[in-house]
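**Q** run_21.txt is reproduced below (compact mmCIF, N, CA and C atoms).
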```
# COMPACT_ATOMS: atom_id res chain seq x y z
N VAL A 159 172.52 49.18 75.41
CA VAL A 159 173.28 49.51 76.60
C VAL A 159 174.76 49.11 76.46
N PRO A 160 175.08 47.91 75.95
CA PRO A 160 176.50 47.58 75.80
C PRO A 160 177.24 48.57 74.90
N GLN A 161 176.56 49.03 73.85
CA GLN A 161 177.19 50.00 72.96
C GLN A 161 177.45 51.32 73.68
N ALA A 162 176.50 51.76 74.48
CA ALA A 162 176.68 53.00 75.24
C ALA A 162 177.82 52.86 76.24
N LEU A 163 177.90 51.70 76.88
CA LEU A 163 179.00 51.48 77.83
C LEU A 163 180.35 51.52 77.14
N ALA A 164 180.44 50.88 75.99
CA ALA A 164 181.72 50.80 75.29
C ALA A 164 182.11 52.11 74.63
N LEU A 165 181.17 52.74 73.92
CA LEU A 165 181.51 53.93 73.15
C LEU A 165 181.62 55.20 74.00
N GLU A 166 180.83 55.27 75.04
CA GLU A 166 180.83 56.48 75.86
C GLU A 166 181.60 56.32 77.16
N GLN A 167 181.99 55.10 77.47
CA GLN A 167 182.71 54.80 78.72
C GLN A 167 181.99 55.41 79.92
N SER A 168 180.69 55.12 80.01
CA SER A 168 179.88 55.67 81.08
C SER A 168 179.52 54.58 82.09
N THR A 169 178.80 54.99 83.12
CA THR A 169 178.32 54.04 84.11
C THR A 169 177.14 53.27 83.55
N VAL A 170 176.79 52.19 84.20
CA VAL A 170 175.66 51.38 83.75
C VAL A 170 174.37 52.19 83.81
N LYS A 171 174.18 52.94 84.87
CA LYS A 171 172.97 53.75 85.03
C LYS A 171 172.86 54.78 83.91
N LYS A 172 173.96 55.47 83.63
CA LYS A 172 173.95 56.48 82.56
C LYS A 172 173.76 55.83 81.19
N ALA A 173 174.36 54.67 80.98
CA ALA A 173 174.20 53.96 79.71
C ALA A 173 172.75 53.53 79.51
N LEU A 174 172.12 53.04 80.57
CA LEU A 174 170.70 52.66 80.49
C LEU A 174 169.84 53.88 80.14
N LEU A 175 170.10 54.98 80.79
CA LEU A 175 169.33 56.21 80.55
C LEU A 175 169.54 56.71 79.12
N ASN A 176 170.78 56.76 78.67
CA ASN A 176 171.07 57.23 77.31
C ASN A 176 170.45 56.33 76.25
N SER A 177 170.54 55.03 76.44
CA SER A 177 169.96 54.10 75.48
C SER A 177 168.44 54.22 75.45
N TRP A 178 167.85 54.34 76.62
CA TRP A 178 166.40 54.48 76.69
C TRP A 178 165.94 55.75 75.99
N GLN A 179 166.62 56.87 76.26
CA GLN A 179 166.24 58.14 75.63
C GLN A 179 166.39 58.07 74.12
N MET A 180 167.45 57.45 73.64
CA MET A 180 167.65 57.33 72.20
C MET A 180 166.58 56.44 71.57
N ALA A 181 166.26 55.34 72.22
CA ALA A 181 165.27 54.41 71.67
C ALA A 181 163.87 55.00 71.67
N VAL A 182 163.52 55.74 72.70
CA VAL A 182 162.19 56.35 72.77
C VAL A 182 162.02 57.39 71.67
N LYS A 183 163.05 58.16 71.41
CA LYS A 183 162.97 59.20 70.37
C LYS A 183 162.84 58.59 68.98
N ARG A 184 163.41 57.42 68.78
CA ARG A 184 163.43 56.78 67.46
C ARG A 184 162.78 55.40 67.52
N PHE A 185 161.67 55.27 68.21
CA PHE A 185 161.07 53.97 68.45
C PHE A 185 160.86 53.18 67.17
N TRP A 186 160.18 53.76 66.19
CA TRP A 186 159.86 53.03 64.96
C TRP A 186 161.11 52.70 64.15
N GLN A 187 162.07 53.60 64.16
CA GLN A 187 163.31 53.37 63.44
C GLN A 187 164.11 52.23 64.09
N VAL A 188 164.18 52.23 65.40
CA VAL A 188 164.88 51.17 66.13
C VAL A 188 164.16 49.84 65.93
N LEU A 189 162.83 49.86 66.00
CA LEU A 189 162.06 48.64 65.79
C LEU A 189 162.29 48.07 64.40
N LEU A 190 162.27 48.92 63.39
CA LEU A 190 162.52 48.47 62.02
C LEU A 190 163.93 47.90 61.88
N PHE A 191 164.91 48.56 62.48
CA PHE A 191 166.29 48.06 62.45
C PHE A 191 166.38 46.68 63.08
N LEU A 192 165.75 46.50 64.23
CA LEU A 192 165.80 45.20 64.91
C LEU A 192 165.06 44.12 64.12
N ILE A 193 163.98 44.48 63.45
CA ILE A 193 163.26 43.51 62.62
C ILE A 193 164.13 43.08 61.44
N ILE A 194 164.76 44.05 60.78
CA ILE A 194 165.64 43.73 59.65
C ILE A 194 166.83 42.89 60.11
N LEU A 195 167.43 43.28 61.22
CA LEU A 195 168.56 42.54 61.77
C LEU A 195 168.16 41.10 62.10
N SER A 196 167.01 40.93 62.70
CA SER A 196 166.51 39.59 63.02
C SER A 196 166.25 38.78 61.76
N ALA A 197 165.69 39.42 60.73
CA ALA A 197 165.41 38.72 59.48
C ALA A 197 166.70 38.25 58.81
N VAL A 198 167.71 39.10 58.80
CA VAL A 198 169.00 38.71 58.21
C VAL A 198 169.62 37.56 59.00
N ASN A 199 169.58 37.66 60.32
CA ASN A 199 170.13 36.58 61.16
C ASN A 199 169.37 35.29 60.94
N TYR A 200 168.05 35.36 60.87
CA TYR A 200 167.24 34.17 60.63
C TYR A 200 167.58 33.56 59.27
N ALA A 201 167.72 34.41 58.26
CA ALA A 201 168.03 33.91 56.92
C ALA A 201 169.38 33.21 56.90
N LEU A 202 170.37 33.77 57.57
CA LEU A 202 171.69 33.13 57.61
C LEU A 202 171.64 31.77 58.28
N VAL A 203 170.95 31.68 59.40
CA VAL A 203 170.85 30.40 60.11
C VAL A 203 170.01 29.41 59.29
N TRP A 204 168.98 29.90 58.62
CA TRP A 204 168.15 29.05 57.77
C TRP A 204 168.96 28.46 56.62
N ILE A 205 169.80 29.29 56.00
CA ILE A 205 170.67 28.82 54.92
C ILE A 205 171.64 27.77 55.46
N GLY A 206 172.24 28.06 56.61
CA GLY A 206 173.14 27.08 57.22
C GLY A 206 172.45 25.78 57.54
N SER A 207 171.21 25.86 58.01
CA SER A 207 170.44 24.66 58.31
C SER A 207 170.13 23.87 57.04
N GLY A 208 169.81 24.59 55.96
CA GLY A 208 169.56 23.92 54.69
C GLY A 208 170.78 23.22 54.17
N ILE A 209 171.92 23.86 54.27
CA ILE A 209 173.17 23.23 53.84
C ILE A 209 173.48 22.03 54.72
N ALA A 210 173.25 22.16 56.01
CA ALA A 210 173.51 21.04 56.93
C ALA A 210 172.63 19.85 56.60
N ASP A 211 171.39 20.10 56.19
CA ASP A 211 170.49 19.00 55.82
C ASP A 211 170.95 18.29 54.54
N LEU A 212 171.59 19.03 53.65
CA LEU A 212 172.05 18.44 52.39
C LEU A 212 173.28 17.56 52.57
N LEU A 213 174.04 17.83 53.59
CA LEU A 213 175.28 17.08 53.80
C LEU A 213 174.98 15.70 54.38
N VAL A 214 175.69 14.71 53.89
CA VAL A 214 175.47 13.33 54.32
C VAL A 214 176.04 13.10 55.72
N ASP A 215 177.20 13.65 55.96
CA ASP A 215 177.88 13.45 57.23
C ASP A 215 177.30 14.43 58.27
N ASP A 216 176.86 13.91 59.41
CA ASP A 216 176.27 14.75 60.45
C ASP A 216 177.26 15.77 61.01
N LEU A 217 178.52 15.35 61.16
CA LEU A 217 179.54 16.25 61.69
C LEU A 217 179.74 17.45 60.77
N LEU A 218 179.79 17.21 59.45
CA LEU A 218 179.93 18.32 58.50
C LEU A 218 178.71 19.23 58.54
N GLY A 219 177.54 18.66 58.75
CA GLY A 219 176.33 19.45 58.88
C GLY A 219 176.37 20.36 60.09
N ILE A 220 176.83 19.82 61.19
CA ILE A 220 176.95 20.62 62.42
C ILE A 220 177.97 21.73 62.22
N ILE A 221 179.06 21.43 61.55
CA ILE A 221 180.09 22.45 61.29
C ILE A 221 179.54 23.54 60.38
N ALA A 222 178.82 23.15 59.33
CA ALA A 222 178.23 24.14 58.43
C ALA A 222 177.25 25.04 59.17
N LEU A 223 176.40 24.45 60.00
CA LEU A 223 175.44 25.24 60.76
C LEU A 223 176.15 26.17 61.73
N ALA A 224 177.20 25.68 62.36
CA ALA A 224 177.97 26.50 63.30
C ALA A 224 178.62 27.68 62.59
N ILE A 225 179.11 27.46 61.40
CA ILE A 225 179.73 28.55 60.63
C ILE A 225 178.71 29.63 60.30
N PHE A 226 177.54 29.23 59.83
CA PHE A 226 176.51 30.23 59.51
C PHE A 226 175.99 30.92 60.76
N TRP A 227 175.91 30.18 61.86
CA TRP A 227 175.48 30.78 63.12
C TRP A 227 176.51 31.82 63.57
N ALA A 228 177.79 31.51 63.43
CA ALA A 228 178.85 32.44 63.80
C ALA A 228 178.82 33.70 62.93
N ILE A 229 178.57 33.51 61.64
CA ILE A 229 178.45 34.67 60.74
C ILE A 229 177.27 35.54 61.17
N SER A 230 176.17 34.91 61.55
CA SER A 230 175.00 35.63 62.00
C SER A 230 175.29 36.45 63.26
N LEU A 231 175.97 35.83 64.21
CA LEU A 231 176.32 36.54 65.45
C LEU A 231 177.31 37.66 65.20
N ALA A 232 178.27 37.43 64.32
CA ALA A 232 179.24 38.48 63.98
C ALA A 232 178.55 39.65 63.30
N PHE A 233 177.61 39.36 62.41
CA PHE A 233 176.87 40.42 61.73
C PHE A 233 176.11 41.28 62.74
N ALA A 234 175.42 40.64 63.66
CA ALA A 234 174.68 41.38 64.68
C ALA A 234 175.63 42.15 65.59
N GLY A 235 176.75 41.53 65.92
CA GLY A 235 177.73 42.17 66.79
C GLY A 235 178.40 43.38 66.17
N ILE A 236 178.41 43.44 64.85
CA ILE A 236 178.97 44.61 64.15
C ILE A 236 177.88 45.64 63.86
N ALA A 237 176.71 45.16 63.45
CA ALA A 237 175.63 46.07 63.03
C ALA A 237 175.10 46.91 64.18
N MET A 238 174.93 46.32 65.34
CA MET A 238 174.34 47.06 66.46
C MET A 238 175.22 48.21 66.94
N PRO A 239 176.52 48.00 67.18
CA PRO A 239 177.35 49.14 67.59
C PRO A 239 177.46 50.21 66.51
N LEU A 240 177.50 49.81 65.24
CA LEU A 240 177.57 50.80 64.16
C LEU A 240 176.28 51.63 64.11
N TYR A 241 175.16 50.97 64.29
CA TYR A 241 173.88 51.69 64.31
C TYR A 241 173.84 52.68 65.46
N TYR A 242 174.25 52.23 66.64
CA TYR A 242 174.26 53.11 67.81
C TYR A 242 175.19 54.29 67.59
N ALA A 243 176.38 54.00 67.08
CA ALA A 243 177.36 55.07 66.87
C ALA A 243 176.86 56.08 65.85
N GLU A 244 176.22 55.60 64.79
CA GLU A 244 175.69 56.52 63.78
C GLU A 244 174.61 57.41 64.37
N LYS A 245 173.71 56.85 65.15
CA LYS A 245 172.61 57.63 65.72
C LYS A 245 173.10 58.56 66.82
N LYS A 246 174.07 58.11 67.58
CA LYS A 246 174.55 58.91 68.71
C LYS A 246 175.59 59.96 68.29
N LEU A 247 176.49 59.57 67.40
CA LEU A 247 177.60 60.46 67.06
C LEU A 247 177.41 61.20 65.74
N GLY A 248 176.46 60.77 64.93
CA GLY A 248 176.22 61.46 63.68
C GLY A 248 176.52 60.60 62.47
N LYS A 249 176.32 61.16 61.32
CA LYS A 249 176.43 60.43 60.05
C LYS A 249 177.87 60.14 59.64
N ASN A 250 178.86 60.72 60.27
CA ASN A 250 180.25 60.61 59.82
C ASN A 250 180.97 59.40 60.39
N VAL A 251 180.26 58.46 60.99
CA VAL A 251 180.93 57.29 61.60
C VAL A 251 181.22 56.27 60.52
```
Can you turn what I pasted into structure tokens?
**A**
Amino acid sequence: VPQALALEQSTVKKALLNSWQMAVKRFWQVLLFLIILSAVNYALVWIGSGIADLLVDDLLGIIALAIFWAISLAFAGIAMPLYYAEKKLGKNV
């Protein structure tokens, strides 16, 4: 829905309807995308957690985990709108 609101500049009701229609038509594809996205995000946070455990200083560990968490959020924040734009607008995005 946020992608539909931003890319199409539509109302909330229309964005909900458009997102629902797109997701229903491509249920398995959307589900697979979300599973892969979740796995990548989990792996990034897991790596950050592992690095944080290796560090002696707790503050450095928290900073390392925060950096990997931020990378994970940025990845999801970029991947989801690109996926929506590709499916909605075509392969040329």
**Q** Need to verify the contact set: A:Trp227, 9 Å, only C-alpha atoms, exclusion of same-chain residues closer than 5 positions in sequence. Can you return it as a list in words?
**A**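 The neighbour list is Asn199, Leu202, Val203, Gly206, Ala222 and Ala232 of chain A.
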**Q** What does the structure give for the distance between atom CA of A:Asp211 and atom CA of A:Ile225, in Å to one decimal?
**A**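 The value is 14.1 Å.
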**Q** Quick one: distance from atom N of A:Phe226 to atom N of A:Ser207 in Å, one decimal?
**A**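 Separating atom N of A:Phe226 from atom N of A:Ser207 is a distance of 7.4 Å.
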**Q** Quick one: of A:Leu195, A:Met238, A:Ile205, A:Ala164, who's nearest to A:Gly219, counting only C-alpha atoms?
**A**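 Closest candidate: A:Ile205.
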**Q** Box in all listed atoms of stretch 192-200 of chain A, axis-aligned, with 6 Å more on each side; write out centre and edge lengths in Å to one decimal as JSON.
**A**
```
{"center_x": 166.7, "center_y": 40.0, "center_z": 61.6, "size_x": 18.9, "size_y": 24.9, "size_z": 18.7}
```
**Q** At most 8 Å is the cut-off: for each residue in stretch 197-247 of chain A with any atom that close to an atom of stretch 179-191 of chain A, write down the nearest atom pair and the distance in Å rounded to one decimal, counting only N, CA and C atoms, chain first then increasing number, as CSV.
**A**
```
residue,atom,partner,partner_atom,distance
A:Ala197,N,A:Phe191,C,7.7
A:Lys245,C,A:Met180,CA,7.8
A:Lys246,CA,A:Met180,CA,7.9
```
**Q** Output N, CA and C atoms for every residue in the selection just made, as a PDB file, in the frame of the given file.
**A**
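Output file selection-v4.pdb is given in full below:
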```
ATOM      1  N   ALA A 197     165.690  39.420  60.730  1.00  0.00           N
ATOM      2  CA  ALA A 197     165.410  38.720  59.480  1.00  0.00           C
ATOM      3  C   ALA A 197     166.700  38.250  58.810  1.00  0.00           C
ATOM      4  N   LYS A 245     173.710  56.850  65.150  1.00  0.00           N
ATOM      5  CA  LYS A 245     172.610  57.630  65.720  1.00  0.00           C
ATOM      6  C   LYS A 245     173.100  58.560  66.820  1.00  0.00           C
ATOM      7  N   LYS A 246     174.070  58.110  67.580  1.00  0.00           N
ATOM      8  CA  LYS A 246     174.550  58.910  68.710  1.00  0.00           C
ATOM      9  C   LYS A 246     175.590  59.960  68.290  1.00  0.00           C
TER      10      LYS A 246
END
```
**Q** Just the residues within 6.5 Å of A:Ala173, please, counting all atoms listed in the file, with nothing from its chain fewer than 3 positions along; format it as a PyMOL selection string.
**A** chain A and resi 159+162-163+168-170+176-178
**Q** Counting only N, CA and C atoms, what is within 8 Å of A:Gln161, bar same-chain residues fewer than 4 positions away, as a VMD selection string?
**A** chain A and resid 165 to 167 173 238 to 240 242 to 243
**Q** Calculate how many Å separate atom CA of A:Leu174 from atom C of A:Tyr241, rounding to one decimal.
**A** 15.4 Å
